[in-house]
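**Q** Here you go, one structure.
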Amino acid sequence: MSPKVLVTRILPPQAQSRLLEQDFDLYQWQEDACIPRHVLLEKIKGVDALFCLLTEKIDQELLDAAGPQLKVIATMSVGYDHIDVQAVKSRGILLGYTPDVLTDATADLTVLLALGASRRIKESICAAEDGQWGKWAPTWLCGSQFTNKTLGIVGLGRIGEAVGDRLKAFGIGRVIYSGRSEKPRNRLGAEFVPFQTLLAESDVIVVCCALTKDTENMFNYEAFSRMKKSVFVNSARGGIVHQDDLVRALKENLVGAVGLDVTTPEPLPPTHPLYTFPNCLILPHVGSATFETRENMANMTLGNILAGLKNEPLPYSI
Ligand code: GLV
């Protein structure tokens with residue numbers, strides 16, 4: 001009998017073709033929008049494998065609805081804060097994700113946000129498009145550059161290190177990082193410092209850590225108050241930032257410029273006050289959004305599903 005597989009979205013074209021070649025009893029959500037929770041809860045009943053995205057909450061309720069035959073859950077994401085890992089593992093369900101493959105794309109976008117925020121790209125584009133572009137002027141739309149500045153990386157994992165590599169090419173003079181543990185032989189020659197030191201000494205701060213109980217809201221008003229007026233970039237998860245405190249910090253000019261690829265909630269409603277700041281650049285969670293990376297992520301996820309259905313160890317296991 002073909003295994004029952006639930007896939008919560010249409011995949012990028014090559015991975016989609018590969019999916020359709022499989023001998024699966026497949027239910028796939030066909031709309032270009034998230035599968036509604038009640039549909040997910042209904043369709044998960046009796047499935048052997050779930051291919052999900054970061055938009056689906058995987059919790060006790062969902063696992064109960066699935067039933068005891070569920071063998072494998074694979075998320076097409078590197079982040080897994082949407083999954084109750086303990087609940088999944090305690091039921092003996094295999095759990096897969098997509099590390100490494102999105103490092104370059106996400107690091108590229110993080111650098112884009114850092115440069116874009118520090119060089120006032122949002123104001124510059126608006127000025128050009130809105131007819132405010134006058135004759136060349138010595139200080140008009142000046143930002144700050146990275147030469148000899150201090151970069152602070154919160155979370156020196158794969159993405160943090162890749163961001164560091166890239167930003168060093170822009171002349172960064174010193175790299176410091178904070179996180180759960182020291183990485184003594186990191187290739188950036190970056191120095192491990194307490195979070196408070198990172199806040200006080202960095203000219204550019206990039207958030208590259210996972211969202212956990214420890215990192216939730218770690219960028220609150222107090223943290224913003226300790227910064228020099230630095231460039232602050234978050235391409236990890238919105239929940240790491242206390243967003244109302246960020247609004248307050250922007251109002252009080254505590255932060256020089258901000259670049260966000262992640263917010264709370266997502267999508268961030270167009271009426272949200274964060275959009276009103278000219279020095280706050282917001283992108284709609286597109287860190288890994290290249291055709292190459294998304295194909296790779298979908299293929300890895302499918303690989304995890306296929307291994308799990310054969311009771312083999314997952315190639316990319318949490
Ligand atoms: C994207 O945010 C991911 O976790 O893959």
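By order in the structure tokens, chains are A, B, ...; within a chain, residues start at 1; ligands start at 1, following the order shown.
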List the spatial neighbours of Phe170 in chain A as a tab-separated table (two decimals) with N, CA and C atoms, in the first residue's frame - criterion: any atom at most 10 Å away, only C-alpha atoms, same-chain residues fewer than 5 positions off excluded.
**A**
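Result file is out00.tsv:
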```tsv
chain	number	residue	atom	x	y	z
A	111	VAL	N	23.36	40.79	4.57
A	111	VAL	CA	24.32	41.83	4.19
A	111	VAL	C	23.60	42.95	3.42
A	115	LEU	N	23.77	46.75	4.61
A	115	LEU	CA	24.21	47.84	3.72
A	115	LEU	C	23.06	48.80	3.43
A	145	GLN	N	29.65	54.02	6.71
A	145	GLN	CA	30.24	52.88	6.01
A	145	GLN	C	30.89	51.94	7.01
A	146	PHE	N	31.28	50.76	6.52
A	146	PHE	CA	31.72	49.70	7.43
A	146	PHE	C	33.22	49.70	7.69
A	147	THR	N	33.97	50.48	6.93
A	147	THR	CA	35.42	50.45	7.06
A	147	THR	C	35.86	50.66	8.51
A	148	ASN	N	36.64	49.71	9.01
A	148	ASN	CA	37.20	49.75	10.38
A	148	ASN	C	36.16	49.73	11.50
A	149	LYS	N	34.94	49.36	11.19
A	149	LYS	CA	33.91	49.34	12.23
A	149	LYS	C	33.89	47.98	12.93
A	164	GLY	N	29.57	37.19	8.56
A	164	GLY	CA	30.87	37.76	8.93
A	164	GLY	C	31.85	37.74	7.76
A	165	ASP	N	31.93	36.60	7.06
A	165	ASP	CA	32.82	36.50	5.88
A	165	ASP	C	32.52	37.62	4.90
```
**Q** Could you list, as number ranges by chain, all protein and nucleic acid residues with an atom at most 8 Å from ligand 1, counting only C-alpha atoms and all ligand atoms?
**A** A: 54, 76-80, 98, 102, 235-237, 285-288
**Q** Those selected residues, please, written with N, CA, C and O atoms and delivered as a compact mmCIF listing (two decimals), in the first residue's frame.
**A**
```txt
# COMPACT_ATOMS: atom_id res chain seq x y z
N LEU A 54 7.46 26.48 7.68
CA LEU A 54 7.54 27.15 8.98
C LEU A 54 6.22 27.83 9.36
O LEU A 54 6.07 28.31 10.48
N MET A 76 10.41 22.28 5.63
CA MET A 76 11.23 22.92 4.59
C MET A 76 11.73 24.26 5.13
O MET A 76 11.35 25.33 4.68
N SER A 77 12.57 24.16 6.16
CA SER A 77 13.11 25.36 6.80
C SER A 77 14.30 24.94 7.65
O SER A 77 14.39 23.78 8.05
N VAL A 78 15.16 25.91 7.92
CA VAL A 78 16.26 25.61 8.85
C VAL A 78 15.80 25.89 10.28
O VAL A 78 16.21 25.21 11.22
N GLY A 79 14.93 26.88 10.45
CA GLY A 79 14.39 27.19 11.77
C GLY A 79 13.30 26.19 12.12
O GLY A 79 12.57 25.72 11.24
N TYR A 80 13.22 25.84 13.41
CA TYR A 80 12.15 24.91 13.79
C TYR A 80 11.45 25.32 15.08
O TYR A 80 10.97 24.49 15.84
N THR A 98 16.24 21.66 7.08
CA THR A 98 17.10 21.94 5.92
C THR A 98 18.28 22.86 6.27
O THR A 98 18.32 24.01 5.84
N LEU A 102 20.61 26.91 2.91
CA LEU A 102 20.15 28.29 2.76
C LEU A 102 21.11 29.32 3.38
O LEU A 102 20.80 30.51 3.44
N SER A 235 17.62 38.92 10.67
CA SER A 235 17.13 38.06 9.59
C SER A 235 16.84 36.67 10.14
O SER A 235 16.76 35.70 9.39
N ALA A 236 16.70 36.57 11.46
CA ALA A 236 16.53 35.25 12.10
C ALA A 236 15.05 34.96 12.37
O ALA A 236 14.40 34.27 11.58
N ARG A 237 14.54 35.49 13.45
CA ARG A 237 13.12 35.34 13.77
C ARG A 237 12.63 36.60 14.46
O ARG A 237 13.33 37.17 15.32
N HIS A 285 10.33 38.49 4.89
CA HIS A 285 10.89 37.16 5.18
C HIS A 285 11.31 36.44 3.88
O HIS A 285 10.75 35.40 3.53
N VAL A 286 12.29 37.04 3.22
CA VAL A 286 12.75 36.48 1.94
C VAL A 286 14.22 36.04 1.99
O VAL A 286 14.88 35.92 0.97
N GLY A 287 14.72 35.79 3.20
CA GLY A 287 16.13 35.43 3.37
C GLY A 287 16.59 34.30 2.46
O GLY A 287 17.64 34.38 1.83
N SER A 288 15.82 33.25 2.38
CA SER A 288 16.24 32.09 1.58
C SER A 288 15.61 32.09 0.19
O SER A 288 15.70 31.09 -0.53
```
**Q** I want to know what sits within 10 Å of Thr197 in chain A, based on only C-alpha atoms, with residues of the same chain fewer than 4 positions away left out; could you give that as a list in words?
**A**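 So, after excluding close chain neighbours, the residues are Gly152, Ile176, Tyr177, Ser178, Phe192, Val193, Glu201, Ser202, Arg226 and Met227 of chain A.
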**Q** Would you output that residue set with all heavy atoms, as an mmCIF file, in the first residue's frame?
**A**
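And here is the file that came out, selection22.cif:
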```cif
data_model
loop_
_atom_site.group_PDB
_atom_site.id
_atom_site.type_symbol
_atom_site.label_atom_id
_atom_site.label_comp_id
_atom_site.auth_asym_id
_atom_site.auth_seq_id
_atom_site.Cartn_x
_atom_site.Cartn_y
_atom_site.Cartn_z
ATOM 1 N N GLY A 152 29.023 43.073 15.375
ATOM 2 C CA GLY A 152 28.602 42.171 16.452
ATOM 3 C C GLY A 152 27.621 41.154 15.909
ATOM 4 O O GLY A 152 26.569 41.526 15.384
ATOM 5 N N ILE A 176 33.022 40.719 16.779
ATOM 6 C CA ILE A 176 32.752 40.121 18.089
ATOM 7 C C ILE A 176 31.436 39.343 17.992
ATOM 8 O O ILE A 176 30.649 39.572 17.065
ATOM 9 C CB ILE A 176 32.682 41.200 19.206
ATOM 10 C CG1 ILE A 176 31.615 42.266 18.882
ATOM 11 C CG2 ILE A 176 34.031 41.869 19.383
ATOM 12 C CD1 ILE A 176 31.512 43.363 19.964
ATOM 13 N N TYR A 177 31.243 38.409 18.886
ATOM 14 C CA TYR A 177 29.995 37.651 18.842
ATOM 15 C C TYR A 177 29.578 37.244 20.242
ATOM 16 O O TYR A 177 30.397 37.162 21.167
ATOM 17 C CB TYR A 177 30.124 36.410 17.938
ATOM 18 C CG TYR A 177 31.016 35.317 18.458
ATOM 19 C CD1 TYR A 177 30.487 34.177 19.067
ATOM 20 C CD2 TYR A 177 32.403 35.422 18.353
ATOM 21 C CE1 TYR A 177 31.309 33.167 19.551
ATOM 22 C CE2 TYR A 177 33.237 34.421 18.835
ATOM 23 C CZ TYR A 177 32.692 33.299 19.434
ATOM 24 O OH TYR A 177 33.508 32.308 19.920
ATOM 25 N N SER A 178 28.292 37.001 20.396
ATOM 26 C CA SER A 178 27.767 36.464 21.651
ATOM 27 C C SER A 178 26.918 35.255 21.309
ATOM 28 O O SER A 178 26.531 35.062 20.153
ATOM 29 C CB SER A 178 26.933 37.521 22.385
ATOM 30 O OG SER A 178 25.782 37.803 21.627
ATOM 31 N N PHE A 192 34.694 36.212 21.376
ATOM 32 C CA PHE A 192 33.477 35.910 22.141
ATOM 33 C C PHE A 192 33.333 36.930 23.270
ATOM 34 O O PHE A 192 34.260 37.113 24.060
ATOM 35 C CB PHE A 192 33.614 34.503 22.724
ATOM 36 C CG PHE A 192 32.376 33.972 23.388
ATOM 37 C CD1 PHE A 192 31.159 33.966 22.739
ATOM 38 C CD2 PHE A 192 32.442 33.428 24.668
ATOM 39 C CE1 PHE A 192 30.017 33.442 23.344
ATOM 40 C CE2 PHE A 192 31.318 32.903 25.283
ATOM 41 C CZ PHE A 192 30.106 32.916 24.620
ATOM 42 N N VAL A 193 32.194 37.606 23.325
ATOM 43 C CA VAL A 193 32.000 38.632 24.358
ATOM 44 C C VAL A 193 30.626 38.460 25.003
ATOM 45 O O VAL A 193 29.719 37.889 24.395
ATOM 46 C CB VAL A 193 32.093 40.075 23.761
ATOM 47 C CG1 VAL A 193 33.482 40.363 23.212
ATOM 48 C CG2 VAL A 193 31.027 40.305 22.692
ATOM 49 N N GLU A 201 29.541 47.788 22.160
ATOM 50 C CA GLU A 201 30.721 48.042 21.315
ATOM 51 C C GLU A 201 30.500 47.891 19.817
ATOM 52 O O GLU A 201 31.357 48.286 19.027
ATOM 53 C CB GLU A 201 31.875 47.125 21.772
ATOM 54 C CG GLU A 201 32.297 47.454 23.202
ATOM 55 C CD GLU A 201 33.532 46.709 23.672
ATOM 56 O OE1 GLU A 201 34.182 46.014 22.865
ATOM 57 O OE2 GLU A 201 33.834 46.838 24.873
ATOM 58 N N SER A 202 29.373 47.320 19.407
ATOM 59 C CA SER A 202 29.183 47.067 17.970
ATOM 60 C C SER A 202 28.662 48.294 17.242
ATOM 61 O O SER A 202 27.776 49.002 17.727
ATOM 62 C CB SER A 202 28.175 45.935 17.756
ATOM 63 O OG SER A 202 28.596 44.771 18.398
ATOM 64 N N ARG A 226 21.331 50.254 25.436
ATOM 65 C CA ARG A 226 22.772 50.051 25.655
ATOM 66 C C ARG A 226 23.592 50.184 24.377
ATOM 67 O O ARG A 226 24.812 50.259 24.417
ATOM 68 C CB ARG A 226 23.017 48.668 26.249
ATOM 69 C CG ARG A 226 22.665 48.632 27.705
ATOM 70 C CD ARG A 226 22.797 47.235 28.257
ATOM 71 N NE ARG A 226 22.215 47.216 29.583
ATOM 72 C CZ ARG A 226 22.900 47.402 30.697
ATOM 73 N NH1 ARG A 226 24.192 47.618 30.632
ATOM 74 N NH2 ARG A 226 22.298 47.370 31.870
ATOM 75 N N MET A 227 22.917 50.178 23.245
ATOM 76 C CA MET A 227 23.654 50.246 21.973
ATOM 77 C C MET A 227 24.165 51.654 21.730
ATOM 78 O O MET A 227 23.528 52.627 22.132
ATOM 79 C CB MET A 227 22.709 49.922 20.814
ATOM 80 C CG MET A 227 22.276 48.508 20.722
ATOM 81 S SD MET A 227 21.223 48.418 19.254
ATOM 82 C CE MET A 227 20.488 46.847 19.458
#
```
**Q** Based on DSSP run over this structure's backbone, return all residues of range 139-241 of chain A in strand (DSSP E), as a ChimeraX atom specification.
**A** /A:150-154,174-178,191-192,204-207,231-234
**Q** To one decimal place, how far is CA of Gly256 in chain A from CA of Ala289 in chain A in Å?
**A**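 Value for the CA of Gly256 in chain A-CA of Ala289 in chain A distance: 27.0 Å.
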**Q** For Tyr275 in chain A, which of A:Val247, A:Gln22, A:Met300, A:Ala223 is the closest residue, counting only C-alpha atoms?
**A** A:Val247
**Q** Give me, please, the distance in Å between CA of Glu312 in chain A and CA of Asp100 in chain A, quoted to one decimal.
**A** 21.0 Å
**Q** Produce a table with one row for each residue of range 69-155 of chain A that has an atom at most 8 Å from any atom of range 203-222 of chain A, each row naming the nearest atom pair and its distance in Å at one decimal; use only C-alpha atoms; arrange rows by chain and rising residue number; format as CSV.
**A**
```
residue,atom,partner,partner_atom,distance
A:Gly79,CA,A:Ala210,CA,6.8
A:Asp81,CA,A:Leu211,CA,6.3
A:Thr110,CA,A:Val206,CA,7.7
A:Ala114,CA,A:Val204,CA,7.6
A:Lys149,CA,A:Asp203,CA,6.0
A:Thr150,CA,A:Asp203,CA,5.2
A:Leu151,CA,A:Val204,CA,4.9
A:Gly152,CA,A:Ile205,CA,4.7
A:Ile153,CA,A:Val206,CA,5.1
A:Val154,CA,A:Val207,CA,4.9
A:Gly155,CA,A:Cys209,CA,4.3
```
**Q** Quick one: everything within 8 Å of range 34-44 of chain A, counting only C-alpha atoms, minus sequence neighbours fewer than 4 positions away in the same chain. Send it as a PyMOL selection string.
**A** chain A and resi 6+8-9+27+29+50+55-56+62+65-66
**Q** Neighbouring residues of Ser317 in chain A were defined as those with any atom within 9 Å, considering only C-alpha atoms; residues of the same chain fewer than 4 positions away were excluded. Please report them as an NGL selection string.
**A** :A and (74 or 94-98 or 304 or 313)
**Q** When DSSP works through the backbone of this structure, what residues of range 125-223 of chain A end up as helix (DSSP H, G or I), shown as a list of chain:residue names?
**A**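 Of range 125-223 of chain A, only A:Ile125, A:Cys126, A:Ala127, A:Ala128, A:Glu129, A:Arg158, A:Ile159, A:Gly160, A:Glu161, A:Ala162, A:Val163, A:Gly164, A:Asp165, A:Arg166, A:Leu167, A:Lys168, A:Phe195, A:Gln196, A:Thr197, A:Leu198, A:Leu199, A:Ala200, A:Glu201, A:Tyr221, A:Glu222, A:Ala223 fall in helix (DSSP H, G or I).
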**Q** Could you name the residues that touch Gly46 in chain A at 10 Å or less, counting only C-alpha atoms, but leaving out those on the same chain fewer than 5 positions away, as a ChimeraX atom specification?
**A** /A:3-6,65-70
**Q** Those same residues - all heavy atoms - I'd like them written as a PDB file, in the first residue's frame.
**A**
```pdb
ATOM      1  N   PRO A   3       2.330   4.832   0.930  1.00  0.00           N
ATOM      2  CA  PRO A   3       2.254   5.609   2.172  1.00  0.00           C
ATOM      3  C   PRO A   3       1.431   6.878   1.986  1.00  0.00           C
ATOM      4  O   PRO A   3       1.448   7.492   0.915  1.00  0.00           O
ATOM      5  CB  PRO A   3       3.726   5.940   2.459  1.00  0.00           C
ATOM      6  CG  PRO A   3       4.443   5.775   1.172  1.00  0.00           C
ATOM      7  CD  PRO A   3       3.671   4.766   0.361  1.00  0.00           C
ATOM      8  N   LYS A   4       0.733   7.233   3.047  1.00  0.00           N
ATOM      9  CA  LYS A   4      -0.066   8.475   3.002  1.00  0.00           C
ATOM     10  C   LYS A   4       0.824   9.654   3.363  1.00  0.00           C
ATOM     11  O   LYS A   4       1.442   9.654   4.446  1.00  0.00           O
ATOM     12  CB  LYS A   4      -1.212   8.398   4.020  1.00  0.00           C
ATOM     13  CG  LYS A   4      -2.455   7.719   3.474  1.00  0.00           C
ATOM     14  CD  LYS A   4      -3.587   7.801   4.472  1.00  0.00           C
ATOM     15  CE  LYS A   4      -4.421   9.054   4.246  1.00  0.00           C
ATOM     16  NZ  LYS A   4      -5.635   9.069   5.079  1.00  0.00           N
ATOM     17  N   VAL A   5       0.891  10.614   2.464  1.00  0.00           N
ATOM     18  CA  VAL A   5       1.786  11.754   2.674  1.00  0.00           C
ATOM     19  C   VAL A   5       0.982  13.052   2.526  1.00  0.00           C
ATOM     20  O   VAL A   5       0.206  13.208   1.575  1.00  0.00           O
ATOM     21  CB  VAL A   5       2.957  11.726   1.659  1.00  0.00           C
ATOM     22  CG1 VAL A   5       3.854  12.941   1.815  1.00  0.00           C
ATOM     23  CG2 VAL A   5       3.770  10.438   1.813  1.00  0.00           C
ATOM     24  N   LEU A   6       1.196  13.947   3.473  1.00  0.00           N
ATOM     25  CA  LEU A   6       0.546  15.266   3.418  1.00  0.00           C
ATOM     26  C   LEU A   6       1.615  16.323   3.162  1.00  0.00           C
ATOM     27  O   LEU A   6       2.607  16.402   3.882  1.00  0.00           O
ATOM     28  CB  LEU A   6      -0.168  15.525   4.753  1.00  0.00           C
ATOM     29  CG  LEU A   6      -0.697  16.926   5.046  1.00  0.00           C
ATOM     30  CD1 LEU A   6      -1.646  17.414   3.965  1.00  0.00           C
ATOM     31  CD2 LEU A   6      -1.418  16.934   6.392  1.00  0.00           C
ATOM     32  N   ALA A  65      -4.069  14.602  16.471  1.00  0.00           N
ATOM     33  CA  ALA A  65      -4.972  14.474  15.321  1.00  0.00           C
ATOM     34  C   ALA A  65      -4.405  13.498  14.292  1.00  0.00           C
ATOM     35  O   ALA A  65      -5.144  12.786  13.616  1.00  0.00           O
ATOM     36  CB  ALA A  65      -5.199  15.845  14.679  1.00  0.00           C
ATOM     37  N   ALA A  66      -3.064  13.453  14.180  1.00  0.00           N
ATOM     38  CA  ALA A  66      -2.435  12.595  13.166  1.00  0.00           C
ATOM     39  C   ALA A  66      -2.661  11.116  13.472  1.00  0.00           C
ATOM     40  O   ALA A  66      -3.006  10.336  12.587  1.00  0.00           O
ATOM     41  CB  ALA A  66      -0.940  12.887  13.095  1.00  0.00           C
ATOM     42  N   GLY A  67      -2.434  10.764  14.725  1.00  0.00           N
ATOM     43  CA  GLY A  67      -2.542   9.343  15.091  1.00  0.00           C
ATOM     44  C   GLY A  67      -1.161   8.698  15.178  1.00  0.00           C
ATOM     45  O   GLY A  67      -0.170   9.269  14.719  1.00  0.00           O
ATOM     46  N   PRO A  68      -1.126   7.476  15.747  1.00  0.00           N
ATOM     47  CA  PRO A  68       0.162   6.859  16.111  1.00  0.00           C
ATOM     48  C   PRO A  68       0.999   6.357  14.936  1.00  0.00           C
ATOM     49  O   PRO A  68       2.156   6.021  15.110  1.00  0.00           O
ATOM     50  CB  PRO A  68      -0.264   5.676  16.994  1.00  0.00           C
ATOM     51  CG  PRO A  68      -1.662   5.384  16.592  1.00  0.00           C
ATOM     52  CD  PRO A  68      -2.283   6.664  16.126  1.00  0.00           C
ATOM     53  N   GLN A  69       0.406   6.286  13.725  1.00  0.00           N
ATOM     54  CA  GLN A  69       1.186   5.755  12.585  1.00  0.00           C
ATOM     55  C   GLN A  69       2.159   6.775  12.002  1.00  0.00           C
ATOM     56  O   GLN A  69       3.012   6.424  11.196  1.00  0.00           O
ATOM     57  CB  GLN A  69       0.216   5.270  11.489  1.00  0.00           C
ATOM     58  CG  GLN A  69      -0.430   6.361  10.649  1.00  0.00           C
ATOM     59  CD  GLN A  69      -1.246   7.358  11.465  1.00  0.00           C
ATOM     60  OE1 GLN A  69      -1.925   6.992  12.416  1.00  0.00           O
ATOM     61  NE2 GLN A  69      -1.156   8.640  11.103  1.00  0.00           N
ATOM     62  N   LEU A  70       2.050   8.067  12.416  1.00  0.00           N
ATOM     63  CA  LEU A  70       2.897   9.112  11.818  1.00  0.00           C
ATOM     64  C   LEU A  70       4.378   8.805  12.083  1.00  0.00           C
ATOM     65  O   LEU A  70       4.804   8.679  13.222  1.00  0.00           O
ATOM     66  CB  LEU A  70       2.529  10.489  12.395  1.00  0.00           C
ATOM     67  CG  LEU A  70       3.283  11.689  11.831  1.00  0.00           C
ATOM     68  CD1 LEU A  70       3.121  11.825  10.327  1.00  0.00           C
ATOM     69  CD2 LEU A  70       2.823  12.991  12.516  1.00  0.00           C
TER      70      LEU A  70
END
```
